[in-house]
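These notes concern the structure reproduced below.
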There are 2 protein chains.
Amino acid sequence: GPAFPQHLPIGVFDSGVGGLTVLREIRRVLPGESTLYLGDTARVPYGTKSQATIIRYSRQNTRILSERGIKLLVVACNTASALAMEALRHDFDFPMTGVIEPGAEAAAKTSRTKKIGVIGTSATVRSAAYTAALQARNAQLQVISKACPLFVSLAEEGWTEGEVAEPAARKYLESFQGSGIDVLLLGCTHYPLLRSVISKVMGEGISIIDSAKATAEQVSKLLAARKLAAPAGSPPKHRYLVTDSRERFLDLAPRFLGGSLEGDVEEVGVPGDD
Amino acid sequence: GPAFPQHLPIGVFDSGVGGLTVLREIRRVLPGESTLYLGDTARVPYGTKSQATIIRYSRQNTRILSERGIKLLVVACNTASALAMEALRHDFDFPMTGVIEPGAEAAAKTSRTKKIGVIGTSATVRSAAYTAALQARNAQLQVISKACPLFVSLAEEGWTEGEVAEPAARKYLESFQGSGIDVLLLGCTHYPLLRSVISKVMGEGISIIDSAKATAEQVSKLLAARKLAAPAGSPPKHRYLVTDSRERFLDLAPRFLGGSLEGDVEEVGVPGDD
């Protein structure tokens with residue numbers, strides 16, 4: 001039989017609410033699967049912290065999910081995906097995926113011009129993790145990266161189109177004009193909320209690739225390969241854990257999830273080392 | 001003689017770079033004083049954390065400044081000013097001020113209509129600390145608060161006017177139209193960078209009050225009252241401590257300080273308990 005019971009949920013963690021866009025795609029692609037989401041809202045953001053700290057936090061988060069019981073782990077945080085996957089694979093046995101490899105794979109497959117744009121937070125762009133993942137697939141790929149830090153606040157504020165979002169998108173994305181890219185990779189879990197304004201500003205002929213969707217496809221593949229899909233007929237359950245107050249999470253979550261939570265939110269406190 | 005040597009610097013801490021707008025005003029008002037600034041960049045933002053955590057962090061920050069030697073403490077962070085001043089006054093002997101009381105005092109003195117607008121981060125608005133400080137001075141004061149979370153990102157991005165900042169300011173500040181306020185209090189240390197666009201949108205007849213300026217005046221008063229002013233003739237020194245990487249601080253600091261640092265930046269690591 002499989003190493004992890006099929007009825008267990010898929011575990012997902014992120015530094016905050018952004019990973020809910022990944023959870024949303026997982027639930028869309030795999031509507032029969034239960035999920036357990038951990039938002040490390042007490043320690044958000046991760047992007048400004050050192051690699052040692054990111055690894056420690058990621059281990060602590062994974063241990064919490066592991067103790068509750070999960071059959072597969074999704075690291076739905078770009079920073080942790082860039083810096084902590086190796087450490088997590090070393091320490092934990094369940095199958096797992098981050099968001100960078102699936103996003104890079106989808107973008108590399110889609111591009112014809114072999115010129116790809118990547119947008120993300122300053123930390124993600126500085127880490128060059130997407131550039132490395134793309135060029136590992138095809139050394140000839142040209143990658144043009146641009147940090148768009150205001151997009152996170154716009155998504156959290158709910159200003160995803162209109163008089164502020166559109167000029168902000170124009171200002172950030174004008175550097176891609178005439179660059180020859182045919183794919184723009186959304187390298188931040190907040191950005192799918194701004195997909196429509198980004199798409200409008202980029203215009204026809206540019207494919208917008210979303211790591212969240214690509215990651216959900218990867219989860220689906222992993223479940224099939226490891227024979228871990230949930231047994232048919234059992235209704236899925238969804239649960240949420242946060243490390244700080246539930247209030248702000250309850251406020252923001254429906255927008256990132258694109259609907260109601262359909263499950264309880266529990267405050268678990270700031271994780272420690274075992 | 002005074003309890004603390006007059007040659008010691010004024011200590012200032014904030015969760016990040018925002019407090020540099022307060023430091024800027026202190027240096028403008030008191031050009032002969034040396035300063036020691038601590039930015040707790042590893043643990044920014046404070047606004048989402050519990051009061052117990054804010055008190056612990058504030059004590060740790062103050063201890064670092066105290067060990068280096070300071071004669072007066074400025075808590076240049078709205079969250080810590082709202083939640084940790086009492087604890088700090090209990091534990092430390094030097095004279096100190098936060099940013100909320102000075103800002104509230106200046107606003108209360110300035111208003112003729114007795115209707116005051118306050119803008120800040122979501123955490124500051126939710127804490128109602130300015131409302132309490134204003135109404136403690138005059139129970140008849142009407143206070144209308146509005147959270148403007150995007151202003152922090154706009155200030156950090158350097159988009160302080162123009163095509164994105166102006167529509168954002170209009171969107172946030174339209175709720176004050178017809179409210180009868182004659183004073184708008186900038187209740188976040190980032191907001192002085194957006195002063196000109198805020199002033200443009202609010203129009204004539206509204207005084208913009210800045211906690212940073214009011215806090216600098218309070219520091220000047222405290223130094224005089226305690227006979228702690230620096231001896232004339234000794235050139236001032238400025239130093240900076242950060243708890244995470246210097247890179248982002250060096251990037252952002254000149255914009256918040258309105259000029260060059262004129263001093264070294266030292267990375268001190270994340271503070272612990274003693």
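Each chain in the structure tokens gets a letter, A, B and so on, in the order shown; residues start at 1 in every chain, and ligands are counted from 1 in the order they appear.
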At most 9 Å is the cut-off: for each residue in region 203-269 of chain B with any atom that close to an atom of region 177-198 of chain B, write down the nearest atom pair and the distance in Å rounded to one decimal, counting only C-alpha atoms, chain first then increasing number, as a tab-separated table.
residue	atom	partner	partner_atom	distance
B:Gly203	CA	B:Ile198	CA	8.5
B:Gly205	CA	B:Asp182	CA	6.5
B:Ile206	CA	B:Asp182	CA	4.6
B:Ser207	CA	B:Val183	CA	4.7
B:Ile208	CA	B:Leu184	CA	5.0
B:Ile209	CA	B:Leu185	CA	4.7
B:Asp210	CA	B:Leu186	CA	5.1
B:Ser211	CA	B:Leu186	CA	6.5
B:Ala212	CA	B:Thr189	CA	6.9
B:Arg255	CA	B:Leu193	CA	8.2
B:Phe256	CA	B:Leu193	CA	7.1
Let me see the file: selected residues, N, CA and C atoms, as an mmCIF file, in the first residue's frame.
data_model
loop_
_atom_site.group_PDB
_atom_site.id
_atom_site.type_symbol
_atom_site.label_atom_id
_atom_site.label_comp_id
_atom_site.auth_asym_id
_atom_site.auth_seq_id
_atom_site.Cartn_x
_atom_site.Cartn_y
_atom_site.Cartn_z
ATOM 1 N N GLY B 203 -6.492 69.587 -0.218
ATOM 2 C CA GLY B 203 -6.818 70.964 -0.609
ATOM 3 C C GLY B 203 -6.539 71.973 0.494
ATOM 4 N N GLY B 205 -6.935 74.785 3.422
ATOM 5 C CA GLY B 205 -7.757 74.852 4.635
ATOM 6 C C GLY B 205 -7.659 73.630 5.531
ATOM 7 N N ILE B 206 -6.909 72.625 5.112
ATOM 8 C CA ILE B 206 -6.684 71.463 5.975
ATOM 9 C C ILE B 206 -5.213 71.472 6.387
ATOM 10 N N SER B 207 -4.946 71.536 7.695
ATOM 11 C CA SER B 207 -3.561 71.465 8.166
ATOM 12 C C SER B 207 -3.117 70.009 8.236
ATOM 13 N N ILE B 208 -1.964 69.748 7.659
ATOM 14 C CA ILE B 208 -1.398 68.396 7.739
ATOM 15 C C ILE B 208 -0.411 68.386 8.903
ATOM 16 N N ILE B 209 -0.694 67.546 9.907
ATOM 17 C CA ILE B 209 0.181 67.467 11.082
ATOM 18 C C ILE B 209 0.935 66.146 11.042
ATOM 19 N N ASP B 210 2.200 66.269 11.365
ATOM 20 C CA ASP B 210 3.152 65.199 11.153
ATOM 21 C C ASP B 210 3.703 64.840 12.536
ATOM 22 N N SER B 211 3.481 63.592 12.988
ATOM 23 C CA SER B 211 3.985 63.172 14.303
ATOM 24 C C SER B 211 5.500 63.314 14.400
ATOM 25 N N ALA B 212 6.193 63.169 13.281
ATOM 26 C CA ALA B 212 7.656 63.248 13.302
ATOM 27 C C ALA B 212 8.119 64.622 13.788
ATOM 28 N N ARG B 255 16.101 58.051 1.283
ATOM 29 C CA ARG B 255 14.816 58.643 0.934
ATOM 30 C C ARG B 255 14.041 59.052 2.191
ATOM 31 N N PHE B 256 14.089 58.209 3.229
ATOM 32 C CA PHE B 256 13.348 58.504 4.465
ATOM 33 C C PHE B 256 14.046 59.589 5.287
#
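Backbone DSSP assigns strand (DSSP E) in region 3-84 of chain A to Ile10, Gly11, Val12, Phe13, Asp14, Thr35, Leu36, Tyr37, Leu38, Gly39, Leu72, Leu73, Val74 and Val75 of chain A.
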- Could you name the residues that touch region 35-40 of chain B at 6 Å or less, counting only C-alpha atoms, but leaving out those on the same chain fewer than 4 positions away, as a PyMOL selection string? chain B and resi 9-16+238-243
For the residues in that selection, give me N, CA, C and O atoms as an mmCIF file, in the first residue's frame.
data_model
loop_
_atom_site.group_PDB
_atom_site.id
_atom_site.type_symbol
_atom_site.label_atom_id
_atom_site.label_comp_id
_atom_site.auth_asym_id
_atom_site.auth_seq_id
_atom_site.Cartn_x
_atom_site.Cartn_y
_atom_site.Cartn_z
ATOM 1 N N PRO B 9 24.460 59.976 22.715
ATOM 2 C CA PRO B 9 23.497 60.236 21.643
ATOM 3 C C PRO B 9 22.041 60.073 22.109
ATOM 4 O O PRO B 9 21.780 59.464 23.146
ATOM 5 N N ILE B 10 21.151 60.619 21.322
ATOM 6 C CA ILE B 10 19.723 60.343 21.448
ATOM 7 C C ILE B 10 19.478 58.988 20.778
ATOM 8 O O ILE B 10 19.880 58.792 19.631
ATOM 9 N N GLY B 11 18.851 58.056 21.483
ATOM 10 C CA GLY B 11 18.540 56.740 20.911
ATOM 11 C C GLY B 11 17.161 56.735 20.283
ATOM 12 O O GLY B 11 16.223 57.306 20.845
ATOM 13 N N VAL B 12 17.056 56.107 19.129
ATOM 14 C CA VAL B 12 15.791 56.045 18.403
ATOM 15 C C VAL B 12 15.611 54.622 17.914
ATOM 16 O O VAL B 12 16.552 54.057 17.340
ATOM 17 N N PHE B 13 14.443 53.993 18.173
ATOM 18 C CA PHE B 13 14.230 52.712 17.479
ATOM 19 C C PHE B 13 12.889 52.678 16.767
ATOM 20 O O PHE B 13 11.950 53.370 17.125
ATOM 21 N N ASP B 14 12.873 51.862 15.718
ATOM 22 C CA ASP B 14 11.658 51.629 14.937
ATOM 23 C C ASP B 14 11.737 50.191 14.448
ATOM 24 O O ASP B 14 12.794 49.560 14.487
ATOM 25 N N SER B 15 10.615 49.680 13.960
ATOM 26 C CA SER B 15 10.610 48.330 13.401
ATOM 27 C C SER B 15 11.369 48.265 12.072
ATOM 28 O O SER B 15 11.707 47.186 11.617
ATOM 29 N N GLY B 16 11.621 49.402 11.433
ATOM 30 C CA GLY B 16 12.316 49.357 10.145
ATOM 31 C C GLY B 16 12.907 50.703 9.777
ATOM 32 O O GLY B 16 13.674 51.276 10.548
ATOM 33 N N HIS B 238 26.578 60.225 14.046
ATOM 34 C CA HIS B 238 25.354 59.466 13.785
ATOM 35 C C HIS B 238 25.712 58.019 13.462
ATOM 36 O O HIS B 238 26.616 57.756 12.685
ATOM 37 N N ARG B 239 24.997 57.105 14.129
ATOM 38 C CA ARG B 239 25.242 55.683 13.875
ATOM 39 C C ARG B 239 23.916 54.961 13.722
ATOM 40 O O ARG B 239 22.895 55.373 14.278
ATOM 41 N N TYR B 240 23.954 53.821 13.007
ATOM 42 C CA TYR B 240 22.745 53.057 12.702
ATOM 43 C C TYR B 240 22.991 51.587 12.981
ATOM 44 O O TYR B 240 24.048 51.049 12.634
ATOM 45 N N LEU B 241 22.021 50.937 13.597
ATOM 46 C CA LEU B 241 22.076 49.496 13.834
ATOM 47 C C LEU B 241 20.868 48.867 13.144
ATOM 48 O O LEU B 241 19.761 49.406 13.219
ATOM 49 N N VAL B 242 21.068 47.733 12.488
ATOM 50 C CA VAL B 242 19.952 46.989 11.900
ATOM 51 C C VAL B 242 20.043 45.531 12.339
ATOM 52 O O VAL B 242 21.134 45.027 12.609
ATOM 53 N N THR B 243 18.881 44.872 12.432
ATOM 54 C CA THR B 243 18.875 43.492 12.938
ATOM 55 C C THR B 243 18.920 42.480 11.800
ATOM 56 O O THR B 243 19.044 41.289 12.034
#
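Summary of the local environment: counting only C-alpha atoms, residues at most 10 Å from Pro95 (chain B), other than itself and those fewer than 5 positions away along its chain, are B:Ala3, B:Phe4, B:Lys71, B:Leu72, B:Leu73, B:Val74, B:Arg89, B:Val219, B:Leu222, B:Leu223, B:Arg226, B:Leu228.
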Now that the selection is made, can you save its residues with all heavy atoms as an mmCIF file, in the first residue's frame?
data_model
loop_
_atom_site.group_PDB
_atom_site.id
_atom_site.type_symbol
_atom_site.label_atom_id
_atom_site.label_comp_id
_atom_site.auth_asym_id
_atom_site.auth_seq_id
_atom_site.Cartn_x
_atom_site.Cartn_y
_atom_site.Cartn_z
ATOM 1 N N ALA B 3 21.530 62.961 35.098
ATOM 2 C CA ALA B 3 21.636 61.523 35.330
ATOM 3 C C ALA B 3 22.340 60.816 34.175
ATOM 4 O O ALA B 3 22.961 59.776 34.373
ATOM 5 C CB ALA B 3 20.249 60.934 35.545
ATOM 6 N N PHE B 4 22.257 61.370 32.987
ATOM 7 C CA PHE B 4 22.890 60.741 31.834
ATOM 8 C C PHE B 4 23.823 61.745 31.178
ATOM 9 O O PHE B 4 23.453 62.897 30.984
ATOM 10 C CB PHE B 4 21.832 60.261 30.843
ATOM 11 C CG PHE B 4 20.920 59.237 31.460
ATOM 12 C CD1 PHE B 4 19.721 59.625 32.050
ATOM 13 C CD2 PHE B 4 21.282 57.903 31.501
ATOM 14 C CE1 PHE B 4 18.895 58.685 32.654
ATOM 15 C CE2 PHE B 4 20.463 56.960 32.103
ATOM 16 C CZ PHE B 4 19.271 57.354 32.682
ATOM 17 N N LYS B 71 21.165 58.914 26.074
ATOM 18 C CA LYS B 71 20.709 59.784 27.170
ATOM 19 C C LYS B 71 19.204 60.003 27.135
ATOM 20 O O LYS B 71 18.630 60.514 28.110
ATOM 21 C CB LYS B 71 21.435 61.128 27.104
ATOM 22 C CG LYS B 71 21.153 61.950 25.847
ATOM 23 C CD LYS B 71 21.946 63.249 25.864
ATOM 24 C CE LYS B 71 21.756 64.003 24.551
ATOM 25 N NZ LYS B 71 22.595 65.218 24.477
ATOM 26 N N LEU B 72 18.558 59.578 26.041
ATOM 27 C CA LEU B 72 17.118 59.797 25.858
ATOM 28 C C LEU B 72 16.657 58.818 24.793
ATOM 29 O O LEU B 72 17.398 58.517 23.862
ATOM 30 C CB LEU B 72 16.878 61.238 25.417
ATOM 31 C CG LEU B 72 15.436 61.701 25.204
ATOM 32 C CD1 LEU B 72 15.306 63.188 25.595
ATOM 33 C CD2 LEU B 72 14.945 61.513 23.786
ATOM 34 N N LEU B 73 15.434 58.294 24.950
ATOM 35 C CA LEU B 73 14.926 57.308 23.990
ATOM 36 C C LEU B 73 13.710 57.856 23.246
ATOM 37 O O LEU B 73 12.790 58.394 23.858
ATOM 38 C CB LEU B 73 14.502 56.025 24.721
ATOM 39 C CG LEU B 73 13.831 54.962 23.836
ATOM 40 C CD1 LEU B 73 14.845 54.318 22.887
ATOM 41 C CD2 LEU B 73 13.143 53.891 24.688
ATOM 42 N N VAL B 74 13.726 57.672 21.922
ATOM 43 C CA VAL B 74 12.559 57.986 21.103
ATOM 44 C C VAL B 74 12.045 56.683 20.488
ATOM 45 O O VAL B 74 12.787 55.997 19.783
ATOM 46 C CB VAL B 74 12.913 58.980 19.976
ATOM 47 C CG1 VAL B 74 11.681 59.274 19.122
ATOM 48 C CG2 VAL B 74 13.492 60.263 20.561
ATOM 49 N N ARG B 89 8.932 52.564 30.239
ATOM 50 C CA ARG B 89 9.125 53.551 31.317
ATOM 51 C C ARG B 89 9.370 52.837 32.651
ATOM 52 O O ARG B 89 10.113 53.328 33.503
ATOM 53 C CB ARG B 89 7.897 54.461 31.436
ATOM 54 C CG ARG B 89 7.802 55.473 30.317
ATOM 55 C CD ARG B 89 6.718 56.518 30.596
ATOM 56 N NE ARG B 89 6.317 57.212 29.392
ATOM 57 C CZ ARG B 89 6.992 58.213 28.837
ATOM 58 N NH1 ARG B 89 8.107 58.644 29.381
ATOM 59 N NH2 ARG B 89 6.547 58.772 27.729
ATOM 60 N N VAL B 219 11.323 66.130 21.942
ATOM 61 C CA VAL B 219 12.695 65.754 22.317
ATOM 62 C C VAL B 219 13.466 66.997 22.752
ATOM 63 O O VAL B 219 14.165 66.993 23.779
ATOM 64 C CB VAL B 219 13.405 65.063 21.133
ATOM 65 C CG1 VAL B 219 14.896 64.875 21.427
ATOM 66 C CG2 VAL B 219 12.751 63.713 20.838
ATOM 67 N N LEU B 222 12.338 67.969 26.208
ATOM 68 C CA LEU B 222 12.847 67.048 27.238
ATOM 69 C C LEU B 222 14.324 67.301 27.522
ATOM 70 O O LEU B 222 14.747 67.303 28.681
ATOM 71 C CB LEU B 222 12.653 65.595 26.794
ATOM 72 C CG LEU B 222 11.250 64.998 26.915
ATOM 73 C CD1 LEU B 222 11.201 63.613 26.260
ATOM 74 C CD2 LEU B 222 10.836 64.889 28.391
ATOM 75 N N LEU B 223 15.110 67.511 26.468
ATOM 76 C CA LEU B 223 16.547 67.761 26.667
ATOM 77 C C LEU B 223 16.759 69.025 27.492
ATOM 78 O O LEU B 223 17.603 69.053 28.397
ATOM 79 C CB LEU B 223 17.264 67.905 25.316
ATOM 80 C CG LEU B 223 17.452 66.643 24.464
ATOM 81 C CD1 LEU B 223 18.251 66.990 23.208
ATOM 82 C CD2 LEU B 223 18.157 65.537 25.246
ATOM 83 N N ARG B 226 15.643 68.469 31.235
ATOM 84 C CA ARG B 226 16.536 67.605 32.000
ATOM 85 C C ARG B 226 18.003 68.062 31.928
ATOM 86 O O ARG B 226 18.877 67.337 32.394
ATOM 87 C CB ARG B 226 16.435 66.160 31.477
ATOM 88 C CG ARG B 226 15.037 65.587 31.451
ATOM 89 C CD ARG B 226 14.466 65.385 32.854
ATOM 90 N NE ARG B 226 13.259 64.584 32.774
ATOM 91 C CZ ARG B 226 13.205 63.270 32.970
ATOM 92 N NH1 ARG B 226 14.299 62.604 33.274
ATOM 93 N NH2 ARG B 226 12.058 62.629 32.875
ATOM 94 N N LEU B 228 20.008 68.088 29.417
ATOM 95 C CA LEU B 228 20.746 67.013 28.729
ATOM 96 C C LEU B 228 21.268 67.412 27.350
ATOM 97 O O LEU B 228 21.793 66.573 26.619
ATOM 98 C CB LEU B 228 19.857 65.769 28.583
ATOM 99 C CG LEU B 228 19.658 64.914 29.840
ATOM 100 C CD1 LEU B 228 18.609 63.833 29.600
ATOM 101 C CD2 LEU B 228 20.991 64.277 30.246
#
- Task: Please identify every residue of chain A that has at least one atom no more than 12 Å from any atom of chain B, counting only C-alpha atoms, and report them as a ChimeraX atom specification.
- Result: /A:16,40-51,53-54,121-123,126,147-159,162-172,243-249,269-270
Take the residues just selected and output them with C-alpha atoms as a PDB file, in the first residue's frame.
ATOM      1  CA  GLY A  16       0.701  34.319   5.010  1.00  0.00           C
ATOM      2  CA  ASP A  40       2.672  31.659   9.212  1.00  0.00           C
ATOM      3  CA  THR A  41       1.018  35.045   9.672  1.00  0.00           C
ATOM      4  CA  ALA A  42       3.042  35.880  12.805  1.00  0.00           C
ATOM      5  CA  ARG A  43       6.333  35.845  10.913  1.00  0.00           C
ATOM      6  CA  VAL A  44       5.325  37.150   7.486  1.00  0.00           C
ATOM      7  CA  PRO A  45       7.142  38.322   5.345  1.00  0.00           C
ATOM      8  CA  TYR A  46       9.836  35.718   4.712  1.00  0.00           C
ATOM      9  CA  GLY A  47      11.474  37.643   1.854  1.00  0.00           C
ATOM     10  CA  THR A  48      13.600  39.828   4.102  1.00  0.00           C
ATOM     11  CA  LYS A  49      14.960  36.990   6.260  1.00  0.00           C
ATOM     12  CA  SER A  50      18.168  34.944   5.947  1.00  0.00           C
ATOM     13  CA  GLN A  51      18.307  31.454   4.396  1.00  0.00           C
ATOM     14  CA  THR A  53      15.911  31.482   9.218  1.00  0.00           C
ATOM     15  CA  ILE A  54      13.757  30.486   6.229  1.00  0.00           C
ATOM     16  CA  THR A 121       8.756  40.433  -4.937  1.00  0.00           C
ATOM     17  CA  SER A 122      12.165  42.100  -4.548  1.00  0.00           C
ATOM     18  CA  ALA A 123      13.388  39.080  -2.561  1.00  0.00           C
ATOM     19  CA  ARG A 126      17.053  39.123  -6.055  1.00  0.00           C
ATOM     20  CA  ALA A 147      10.311  43.294  -8.985  1.00  0.00           C
ATOM     21  CA  CYS A 148       6.791  44.689  -8.534  1.00  0.00           C
ATOM     22  CA  PRO A 149       6.529  45.142  -4.754  1.00  0.00           C
ATOM     23  CA  LEU A 150       3.380  47.287  -4.831  1.00  0.00           C
ATOM     24  CA  PHE A 151       1.395  44.406  -6.347  1.00  0.00           C
ATOM     25  CA  VAL A 152       1.285  42.631  -2.958  1.00  0.00           C
ATOM     26  CA  SER A 153      -0.320  45.635  -1.245  1.00  0.00           C
ATOM     27  CA  LEU A 154      -2.716  46.156  -4.153  1.00  0.00           C
ATOM     28  CA  ALA A 155      -3.834  42.520  -3.920  1.00  0.00           C
ATOM     29  CA  GLU A 156      -4.252  42.700  -0.131  1.00  0.00           C
ATOM     30  CA  GLU A 157      -6.133  46.005  -0.414  1.00  0.00           C
ATOM     31  CA  GLY A 158      -8.432  44.506  -3.042  1.00  0.00           C
ATOM     32  CA  TRP A 159      -7.474  47.195  -5.569  1.00  0.00           C
ATOM     33  CA  GLY A 162      -8.972  50.439 -12.014  1.00  0.00           C
ATOM     34  CA  GLU A 163      -7.488  53.836 -11.322  1.00  0.00           C
ATOM     35  CA  VAL A 164      -4.563  52.750  -9.077  1.00  0.00           C
ATOM     36  CA  ALA A 165      -3.811  49.176 -10.213  1.00  0.00           C
ATOM     37  CA  GLU A 166      -3.682  50.016 -13.910  1.00  0.00           C
ATOM     38  CA  PRO A 167      -1.133  52.882 -13.785  1.00  0.00           C
ATOM     39  CA  ALA A 168       0.926  50.826 -11.302  1.00  0.00           C
ATOM     40  CA  ALA A 169       0.932  47.870 -13.722  1.00  0.00           C
ATOM     41  CA  ARG A 170       1.878  50.166 -16.626  1.00  0.00           C
ATOM     42  CA  LYS A 171       4.750  51.662 -14.634  1.00  0.00           C
ATOM     43  CA  TYR A 172       6.159  48.257 -13.650  1.00  0.00           C
ATOM     44  CA  THR A 243       0.308  31.475  13.758  1.00  0.00           C
ATOM     45  CA  ASP A 244      -1.120  34.878  14.702  1.00  0.00           C
ATOM     46  CA  SER A 245      -4.570  36.383  15.046  1.00  0.00           C
ATOM     47  CA  ARG A 246      -7.357  34.884  12.919  1.00  0.00           C
ATOM     48  CA  GLU A 247      -8.934  38.287  12.267  1.00  0.00           C
ATOM     49  CA  ARG A 248      -6.821  39.562   9.391  1.00  0.00           C
ATOM     50  CA  PHE A 249      -6.701  36.086   7.853  1.00  0.00           C
ATOM     51  CA  GLY A 269       0.721  30.265  18.053  1.00  0.00           C
ATOM     52  CA  VAL A 270       4.238  30.907  16.806  1.00  0.00           C
TER      53      VAL A 270
END
- Task: Write out as a ChimeraX atom specification all residues of region 89-207 of chain A that DSSP puts in helix (DSSP H, G or I) for this structure's backbone.
- Result: /A:89-91,100-110,122-127,129-137,150-157,165-176,191-202
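You will find CA of Lys213 (chain A) at 14.7 Å from CA of Ala108 (chain A).
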